[in-house]
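Visitor: Encoded as structure tokens, here's the structure I'll be asking about.
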Amino acid sequence: MLKINWWKKLSGVVKISGSKNAALPIIWACLLLRGKITLNNVPKIRDVETFLDIISEIWAKYSWKGNTLILDTKNMESNKLSYEKIKKVRASIFLLSPLLMHFWKINIPFPWGCNIWKRPIDSHLNSLKKIGFDYKYDWENIKISGKLKKGEKIINSGFSVSATENSLIANVLRKWKTILKNVAIEPHVMNLVDLLRKAWADIKIRYSHEIIIEWVEELSSDFEFDIISDYIESGTFMVLAALASEKYLDIENARVCDLYSFIEKLKESGVKIKDLWWDTLRVYRCENIKAVDIQTNIFPGFPTDLQSPFTILQTQANGMSKVHEILFEWRLNWFVELEKMWVKLAILNPHEAIIFGPNNLKPAKVTSWDLRAWMSMVIAWLISEWKTRVTQIEYIYRWYENFVEKLKKLWADIEDSSKATIHSS
Ligand code: EPZ
């Protein structure tokens, strides 16, 4: 259980960890490489641990040195995978390509993950069908088998992050040219491209959301690679700084280059931000927050994964602001929890809602389907003048590395004594 005691103004420096959404597909891509790969800046979060659990079942070996992960995928034997572990994590979808390229036949549970929409996988399956794989699936289970088809192929990735990443992994070793259209270009997708290029893959990026993959004889399998820092975690701490700092917080490894749209909206809300030095930002406390509308979008638009932290900022703004969530139908569902905390708002439809600020957040028993919203509510409790007891804290450890320690280093009066529900007194 997480105990958040009295409201304390935060100060100091926070160092952003490696990116969850980059590390997960990259660990899977390494299964393709059959060698010894050293990955630096890997976040030690529960989802990474679950992944490593799963791959050790197929005889891949790994070891840690701090946040450096050494993977040895030379001797992968069986594809006897644990269903229970795979079901838990949406990112298991990345299993599809590396395992098919090894075993040509797989049978895995449908990878649900956060309940922010139905999470369809048609783009993934259609891309695999295009290159020779037939599939049968229902919301429980996916069976795929086949052999790589000859000839040049054009594949539509539907601007899906994981479908683009799966197609990259499935096609780098295909003996023919592959053109991926409508690709996602999120920073974590580009980090995966950089890893595959480091492994000698021939990948060209076109400005029109197109990726060209040419055939290469073999991929190298003995190198070191850096995972990018997590721009979503960085954006979350920027909101915390604007709402809960004494004067300001310094954010190291901030990934400023990936956060242009988000930072523009913070500035529009009146938040003062100073670029200190290489990728370190100083974000100041904002006393008079302006109401600002946001609309989420694919990269480089406003990230859907920062919709919930920005919404917490807007609960403290003067005036009416609108949130337009384009990507996921159910990603505004957590607004019903905000209402329980006495936030004045109106949900217009599954994609749009209005917030009337400012709001004095009140104690409430809340829950959330979405881990980002869950973390955003921790920010809400850190700025509400109540003692809060948070349960199911283990969820947050799935995606955020050492977040209690990080908050403590910023002088938050918080402690984790695990396992239970939320009571605010
Ligand atoms: C990735 O999910 C991220 N997860 C999500 O982050 C993120 O919210 C999302 O991309 C959008 O940026 C990981 O990288 C592990 P999508 P993914 O396929 O790949 C529709 C977080 O908070 N779609 O890009 O599953 C889909 O319904 C998590 O870290 C299809 O219709 O998302 C959605 O509307 C949550 N058919 C849109 O595309 C498909 O086959 C974008 O989804 C695939 C997707």
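Chain labels run A, B, ... following the order of the structure tokens; each chain numbers its residues from 1, and ligands are numbered from 1 in the order shown.
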Give me, as a list in words, all polymer residues having an atom no more than 6 Å from region 40-47 of chain A, counting only C-alpha atoms and skipping those fewer than 5 positions away in the same chain.
Guide: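 Result of the neighbour search: Ser17, Gly18, Asn67, Thr68, Asp226, Ile227, Tyr397, Arg398, Trp399 and Glu401 of chain A.
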Visitor: Can you pull out the residues contacting region 294-296 of chain A? Cut-off 9 Å, using only C-alpha atoms, and skip same-chain residues under 4 positions away; I want them as a ChimeraX atom specification.
Guide: /A:265,301-307,310,321-327
Visitor: Any chance you could tabulate, as a Markdown table, the residues of chain A at most 9 Å from ligand 1 with each one's nearest atom pair and distance in Å to one decimal, using only C-alpha atoms and all ligand atoms, in chain and rising number order?
Guide:
| residue | atom | partner | partner_atom_place_in_ligand_line | distance |
| --- | --- | --- | --- | --- |
| A:Lys20 | CA | ligand 1 | 29 (O) | 7.2 |
| A:Asn21 | CA | ligand 1 | 14 (O) | 4.3 |
| A:Ala22 | CA | ligand 1 | 14 (O) | 7.1 |
| A:Leu24 | CA | ligand 1 | 15 (C) | 6.9 |
| A:Pro25 | CA | ligand 1 | 15 (C) | 7.6 |
| A:Val89 | CA | ligand 1 | 15 (C) | 8.6 |
| A:Arg90 | CA | ligand 1 | 15 (C) | 6.6 |
| A:Ala91 | CA | ligand 1 | 15 (C) | 4.7 |
| A:Ser92 | CA | ligand 1 | 15 (C) | 8.5 |
| A:Ile93 | CA | ligand 1 | 25 (O) | 8.3 |
| A:Phe94 | CA | ligand 1 | 15 (C) | 8.6 |
| A:Gly113 | CA | ligand 1 | 35 (C) | 8.0 |
| A:Cys114 | CA | ligand 1 | 35 (C) | 6.4 |
| A:Asn115 | CA | ligand 1 | 35 (C) | 8.9 |
| A:Ile116 | CA | ligand 1 | 35 (C) | 7.6 |
| A:Trp117 | CA | ligand 1 | 27 (O) | 6.4 |
| A:Lys118 | CA | ligand 1 | 27 (O) | 6.6 |
| A:Arg119 | CA | ligand 1 | 27 (O) | 4.9 |
| A:Pro120 | CA | ligand 1 | 36 (N) | 4.6 |
| A:Ile121 | CA | ligand 1 | 40 (O) | 3.2 |
| A:Asp122 | CA | ligand 1 | 40 (O) | 3.9 |
| A:Ser123 | CA | ligand 1 | 40 (O) | 3.5 |
| A:His124 | CA | ligand 1 | 40 (O) | 5.2 |
| A:Leu125 | CA | ligand 1 | 40 (O) | 7.3 |
| A:Asn126 | CA | ligand 1 | 40 (O) | 8.3 |
| A:Ser157 | CA | ligand 1 | 40 (O) | 8.0 |
| A:Gly158 | CA | ligand 1 | 38 (O) | 6.8 |
| A:Phe159 | CA | ligand 1 | 24 (O) | 6.3 |
| A:Ser160 | CA | ligand 1 | 24 (O) | 3.4 |
| A:Val161 | CA | ligand 1 | 24 (O) | 3.8 |
| A:Ser162 | CA | ligand 1 | 19 (O) | 3.6 |
| A:Ala163 | CA | ligand 1 | 18 (O) | 6.1 |
| A:Thr164 | CA | ligand 1 | 19 (O) | 8.2 |
| A:Glu165 | CA | ligand 1 | 19 (O) | 8.3 |
| A:Ala184 | CA | ligand 1 | 24 (O) | 7.1 |
| A:Glu186 | CA | ligand 1 | 12 (O) | 7.3 |
| A:His188 | CA | ligand 1 | 14 (O) | 7.5 |
| A:Val189 | CA | ligand 1 | 14 (O) | 8.4 |
| A:Ile232 | CA | ligand 1 | 29 (O) | 7.8 |
| A:Asn297 | CA | ligand 1 | 12 (O) | 8.1 |
| A:Ile298 | CA | ligand 1 | 12 (O) | 6.3 |
| A:Phe299 | CA | ligand 1 | 12 (O) | 7.5 |
| A:Pro303 | CA | ligand 1 | 12 (O) | 6.7 |
| A:Thr304 | CA | ligand 1 | 8 (O) | 5.8 |
| A:Asp305 | CA | ligand 1 | 22 (O) | 4.7 |
| A:Leu306 | CA | ligand 1 | 22 (O) | 8.1 |
| A:Ile326 | CA | ligand 1 | 34 (O) | 7.6 |
| A:Leu327 | CA | ligand 1 | 34 (O) | 4.2 |
| A:Phe328 | CA | ligand 1 | 34 (O) | 4.8 |
| A:Glu329 | CA | ligand 1 | 34 (O) | 7.3 |
| A:Asp370 | CA | ligand 1 | 22 (O) | 7.5 |
| A:Leu371 | CA | ligand 1 | 22 (O) | 6.7 |
| A:Arg372 | CA | ligand 1 | 22 (O) | 5.7 |
| A:Ala373 | CA | ligand 1 | 22 (O) | 8.9 |
| A:Trp399 | CA | ligand 1 | 29 (O) | 7.6 |
Visitor: Would you please give, as a VMD selection string, all residues of region 111-338 of chain A that DSSP assigns to helix (DSSP H, G or I) based on the backbone?
Guide: chain A and resid 122 to 130 161 to 171 187 to 198 231 to 244 256 to 258 260 to 268 304 to 315 335 to 338
Visitor: Could you please write out, as a PDB file with C-alpha atoms, in the first residue's frame, every residue of region 98-247 of chain A that DSSP assigns to strand (DSSP E or B)?
Guide:
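Output (states.pdb):
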ATOM      1  CA  LYS A 105       3.995 -21.968 -36.147  1.00  0.00           C
ATOM      2  CA  ILE A 106       2.706 -20.441 -32.884  1.00  0.00           C
ATOM      3  CA  ASN A 107      -0.280 -20.664 -30.619  1.00  0.00           C
ATOM      4  CA  ILE A 108      -0.528 -17.867 -28.027  1.00  0.00           C
ATOM      5  CA  PRO A 109      -3.289 -16.259 -25.930  1.00  0.00           C
ATOM      6  CA  PHE A 133       1.152 -16.685 -42.651  1.00  0.00           C
ATOM      7  CA  ASP A 134      -2.407 -17.941 -42.132  1.00  0.00           C
ATOM      8  CA  TYR A 135      -4.133 -17.354 -38.847  1.00  0.00           C
ATOM      9  CA  LYS A 136      -7.162 -18.286 -36.791  1.00  0.00           C
ATOM     10  CA  TYR A 137      -8.038 -16.235 -33.716  1.00  0.00           C
ATOM     11  CA  ASN A 141      -6.272 -17.278 -28.559  1.00  0.00           C
ATOM     12  CA  ILE A 142      -4.249 -16.805 -31.760  1.00  0.00           C
ATOM     13  CA  LYS A 143      -2.939 -19.641 -33.991  1.00  0.00           C
ATOM     14  CA  ILE A 144      -0.601 -18.668 -36.844  1.00  0.00           C
ATOM     15  CA  SER A 145       1.538 -20.760 -39.196  1.00  0.00           C
ATOM     16  CA  GLY A 146       3.111 -20.575 -42.634  1.00  0.00           C
ATOM     17  CA  LYS A 153       5.503  -6.916 -50.709  1.00  0.00           C
ATOM     18  CA  ILE A 154       3.652  -3.729 -49.745  1.00  0.00           C
ATOM     19  CA  ILE A 155       2.177  -3.842 -46.223  1.00  0.00           C
ATOM     20  CA  ASN A 156      -0.252  -1.416 -44.556  1.00  0.00           C
ATOM     21  CA  THR A 178       9.273  -4.984 -48.233  1.00  0.00           C
ATOM     22  CA  ILE A 179       7.567  -1.579 -48.238  1.00  0.00           C
ATOM     23  CA  LEU A 180       5.691  -0.689 -45.055  1.00  0.00           C
ATOM     24  CA  LYS A 181       3.076   2.009 -45.642  1.00  0.00           C
ATOM     25  CA  ASP A 202      18.946  -2.332 -44.474  1.00  0.00           C
ATOM     26  CA  ILE A 203      16.071  -0.039 -43.460  1.00  0.00           C
ATOM     27  CA  LYS A 204      15.213   3.314 -45.075  1.00  0.00           C
ATOM     28  CA  ILE A 205      12.650   5.753 -43.648  1.00  0.00           C
ATOM     29  CA  ARG A 206      10.580   7.947 -45.973  1.00  0.00           C
ATOM     30  CA  GLU A 210       6.881   4.733 -45.209  1.00  0.00           C
ATOM     31  CA  ILE A 211       9.658   2.264 -44.367  1.00  0.00           C
ATOM     32  CA  ILE A 212      11.638   0.363 -47.034  1.00  0.00           C
ATOM     33  CA  ILE A 213      13.318  -2.880 -45.938  1.00  0.00           C
ATOM     34  CA  GLU A 214      15.852  -4.442 -48.327  1.00  0.00           C
ATOM     35  CA  ASP A 222      27.110  -9.421 -30.993  1.00  0.00           C
ATOM     36  CA  PHE A 223      26.852  -5.729 -30.128  1.00  0.00           C
ATOM     37  CA  GLU A 224      25.865  -3.134 -27.528  1.00  0.00           C
ATOM     38  CA  PHE A 225      22.861  -0.803 -27.860  1.00  0.00           C
ATOM     39  CA  ASP A 226      21.254   2.057 -25.898  1.00  0.00           C
ATOM     40  CA  SER A 229      14.768   7.377 -22.120  1.00  0.00           C
ATOM     41  CA  SER A 245       7.069  21.732  -6.789  1.00  0.00           C
ATOM     42  CA  GLU A 246       8.243  24.326  -4.252  1.00  0.00           C
ATOM     43  CA  LYS A 247       9.721  26.415  -7.070  1.00  0.00           C
TER      44      LYS A 247
END
Visitor: Which one of A:Thr315, A:Asn349, A:Ser234, A:Thr391 sits closest to Ile263 (chain A) if you count only C-alpha atoms?
Guide: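 Closest to Ile263 (chain A), using only C-alpha atoms: A:Ser234.
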Visitor: Would you mind listing what lies within 8 Å of Ile289 (chain A) as a ChimeraX atom specification, with only C-alpha atoms counted and same-chain residues fewer than 5 positions away left out?
Guide: /A:269-271,313-314,316-318
Visitor: When you count only C-alpha atoms, which of these residues is closest to Ser56 (chain A): A:Met377, A:Leu31, A:Ile37, A:Leu168?
Guide: A:Leu31
Visitor: Between CA of Val14 (chain A) and CA of Met190 (chain A), measure the distance and give it in Å to one decimal.
Guide: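 Distance reported for this atom pair: 24.9 Å.
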Visitor: Quick check, in Å to one decimal: how far apart do CA of His351 (chain A) and CA of Asn333 (chain A) lie?
Guide: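 Computed distance, CA of His351 (chain A) to CA of Asn333 (chain A), equals 9.6 Å.
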Visitor: Could you check which of A:Glu385, A:Trp215, A:Asn191, A:Ser261 is closest to Lys150 (chain A), using only C-alpha atoms?
Guide: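 Of A:Glu385, A:Trp215, A:Asn191, A:Ser261, the one nearest Lys150 (chain A), counting only C-alpha atoms, is A:Trp215.
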Visitor: Using only C-alpha atoms, can you tell me which of A:Leu332, A:Ile27, A:Ala244, A:Leu71 comes closest to Lys9 (chain A)?
Guide: A:Ala244
Visitor: With only C-alpha atoms as the counted atoms, please give the residues lying no more than 10 Å from Leu276 (chain A), apart from itself and same-chain residues fewer than 6 positions off, as a PDB file with N, CA and C atoms, in the first residue's frame.
Guide:
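Output file out01.pdb follows:
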ATOM      1  N   ASP A 250      14.096  19.802 -11.666  1.00  0.00           N
ATOM      2  CA  ASP A 250      14.955  19.580 -12.836  1.00  0.00           C
ATOM      3  C   ASP A 250      14.749  18.146 -13.311  1.00  0.00           C
ATOM      4  N   ILE A 251      14.540  17.982 -14.614  1.00  0.00           N
ATOM      5  CA  ILE A 251      14.244  16.651 -15.170  1.00  0.00           C
ATOM      6  C   ILE A 251      15.373  16.255 -16.108  1.00  0.00           C
ATOM      7  N   GLU A 252      16.121  15.194 -15.704  1.00  0.00           N
ATOM      8  CA  GLU A 252      17.272  14.765 -16.517  1.00  0.00           C
ATOM      9  C   GLU A 252      16.833  13.674 -17.494  1.00  0.00           C
ATOM     10  N   ARG A 282      14.297  22.458 -16.710  1.00  0.00           N
ATOM     11  CA  ARG A 282      13.821  22.966 -15.424  1.00  0.00           C
ATOM     12  C   ARG A 282      12.364  23.373 -15.631  1.00  0.00           C
TER      13      ARG A 282
END
Visitor: Please identify all polymer residues within 10 Å of Leu99 (chain A), counting only C-alpha atoms, omitting same-chain residues fewer than 4 positions from it, and present them as a short mmCIF file (atom, residue, chain, number, x, y, z; two decimals) with N, CA, C and O atoms, in the first residue's frame.
Guide:
data_model
loop_
_atom_site.label_atom_id
_atom_site.label_comp_id
_atom_site.auth_asym_id
_atom_site.auth_seq_id
_atom_site.Cartn_x
_atom_site.Cartn_y
_atom_site.Cartn_z
N TRP A 28 12.31 -8.40 -27.71
CA TRP A 28 11.80 -9.45 -28.60
C TRP A 28 12.62 -9.51 -29.88
O TRP A 28 12.94 -10.58 -30.37
N ALA A 29 12.96 -8.34 -30.43
CA ALA A 29 13.72 -8.34 -31.70
C ALA A 29 15.04 -9.06 -31.52
O ALA A 29 15.54 -9.72 -32.43
N LEU A 31 15.53 -11.71 -30.08
CA LEU A 31 15.37 -13.16 -30.25
C LEU A 31 15.68 -13.55 -31.70
O LEU A 31 16.04 -14.67 -32.00
N LEU A 32 15.54 -12.58 -32.59
CA LEU A 32 15.78 -12.82 -34.03
C LEU A 32 17.27 -12.95 -34.30
O LEU A 32 17.69 -13.52 -35.29
N ILE A 58 11.98 -20.20 -23.31
CA ILE A 58 12.36 -20.73 -24.63
C ILE A 58 13.88 -20.70 -24.75
O ILE A 58 14.46 -20.45 -25.78
N MET A 76 17.98 -21.07 -28.75
CA MET A 76 16.53 -21.12 -28.43
C MET A 76 15.98 -22.45 -28.94
O MET A 76 16.09 -22.74 -30.11
N ASN A 79 9.18 -23.88 -28.11
CA ASN A 79 8.30 -22.70 -28.01
C ASN A 79 7.15 -23.00 -27.07
O ASN A 79 6.03 -22.58 -27.24
N PHE A 94 4.30 -8.58 -29.44
CA PHE A 94 5.60 -8.55 -30.13
C PHE A 94 6.21 -9.94 -30.27
O PHE A 94 7.18 -10.14 -30.97
N LEU A 95 5.62 -10.92 -29.59
CA LEU A 95 6.11 -12.30 -29.69
C LEU A 95 5.91 -12.82 -31.11
O LEU A 95 6.66 -13.66 -31.59
N PHE A 103 10.02 -20.58 -35.41
CA PHE A 103 9.30 -21.87 -35.33
C PHE A 103 8.24 -21.99 -36.42
O PHE A 103 7.62 -23.05 -36.56
N TRP A 104 7.90 -20.90 -37.19
CA TRP A 104 6.96 -20.93 -38.29
C TRP A 104 5.54 -21.30 -37.87
O TRP A 104 4.62 -21.28 -38.69
N LYS A 105 5.34 -21.58 -36.60
CA LYS A 105 3.99 -21.97 -36.15
C LYS A 105 3.89 -21.55 -34.68
O LYS A 105 4.79 -21.87 -33.89
N ILE A 106 2.85 -20.76 -34.31
CA ILE A 106 2.71 -20.44 -32.88
C ILE A 106 1.24 -20.48 -32.48
O ILE A 106 0.35 -20.39 -33.32
N ALA A 170 9.46 -8.91 -38.57
CA ALA A 170 9.12 -10.05 -39.44
C ALA A 170 9.81 -9.96 -40.80
O ALA A 170 10.04 -10.97 -41.47
#
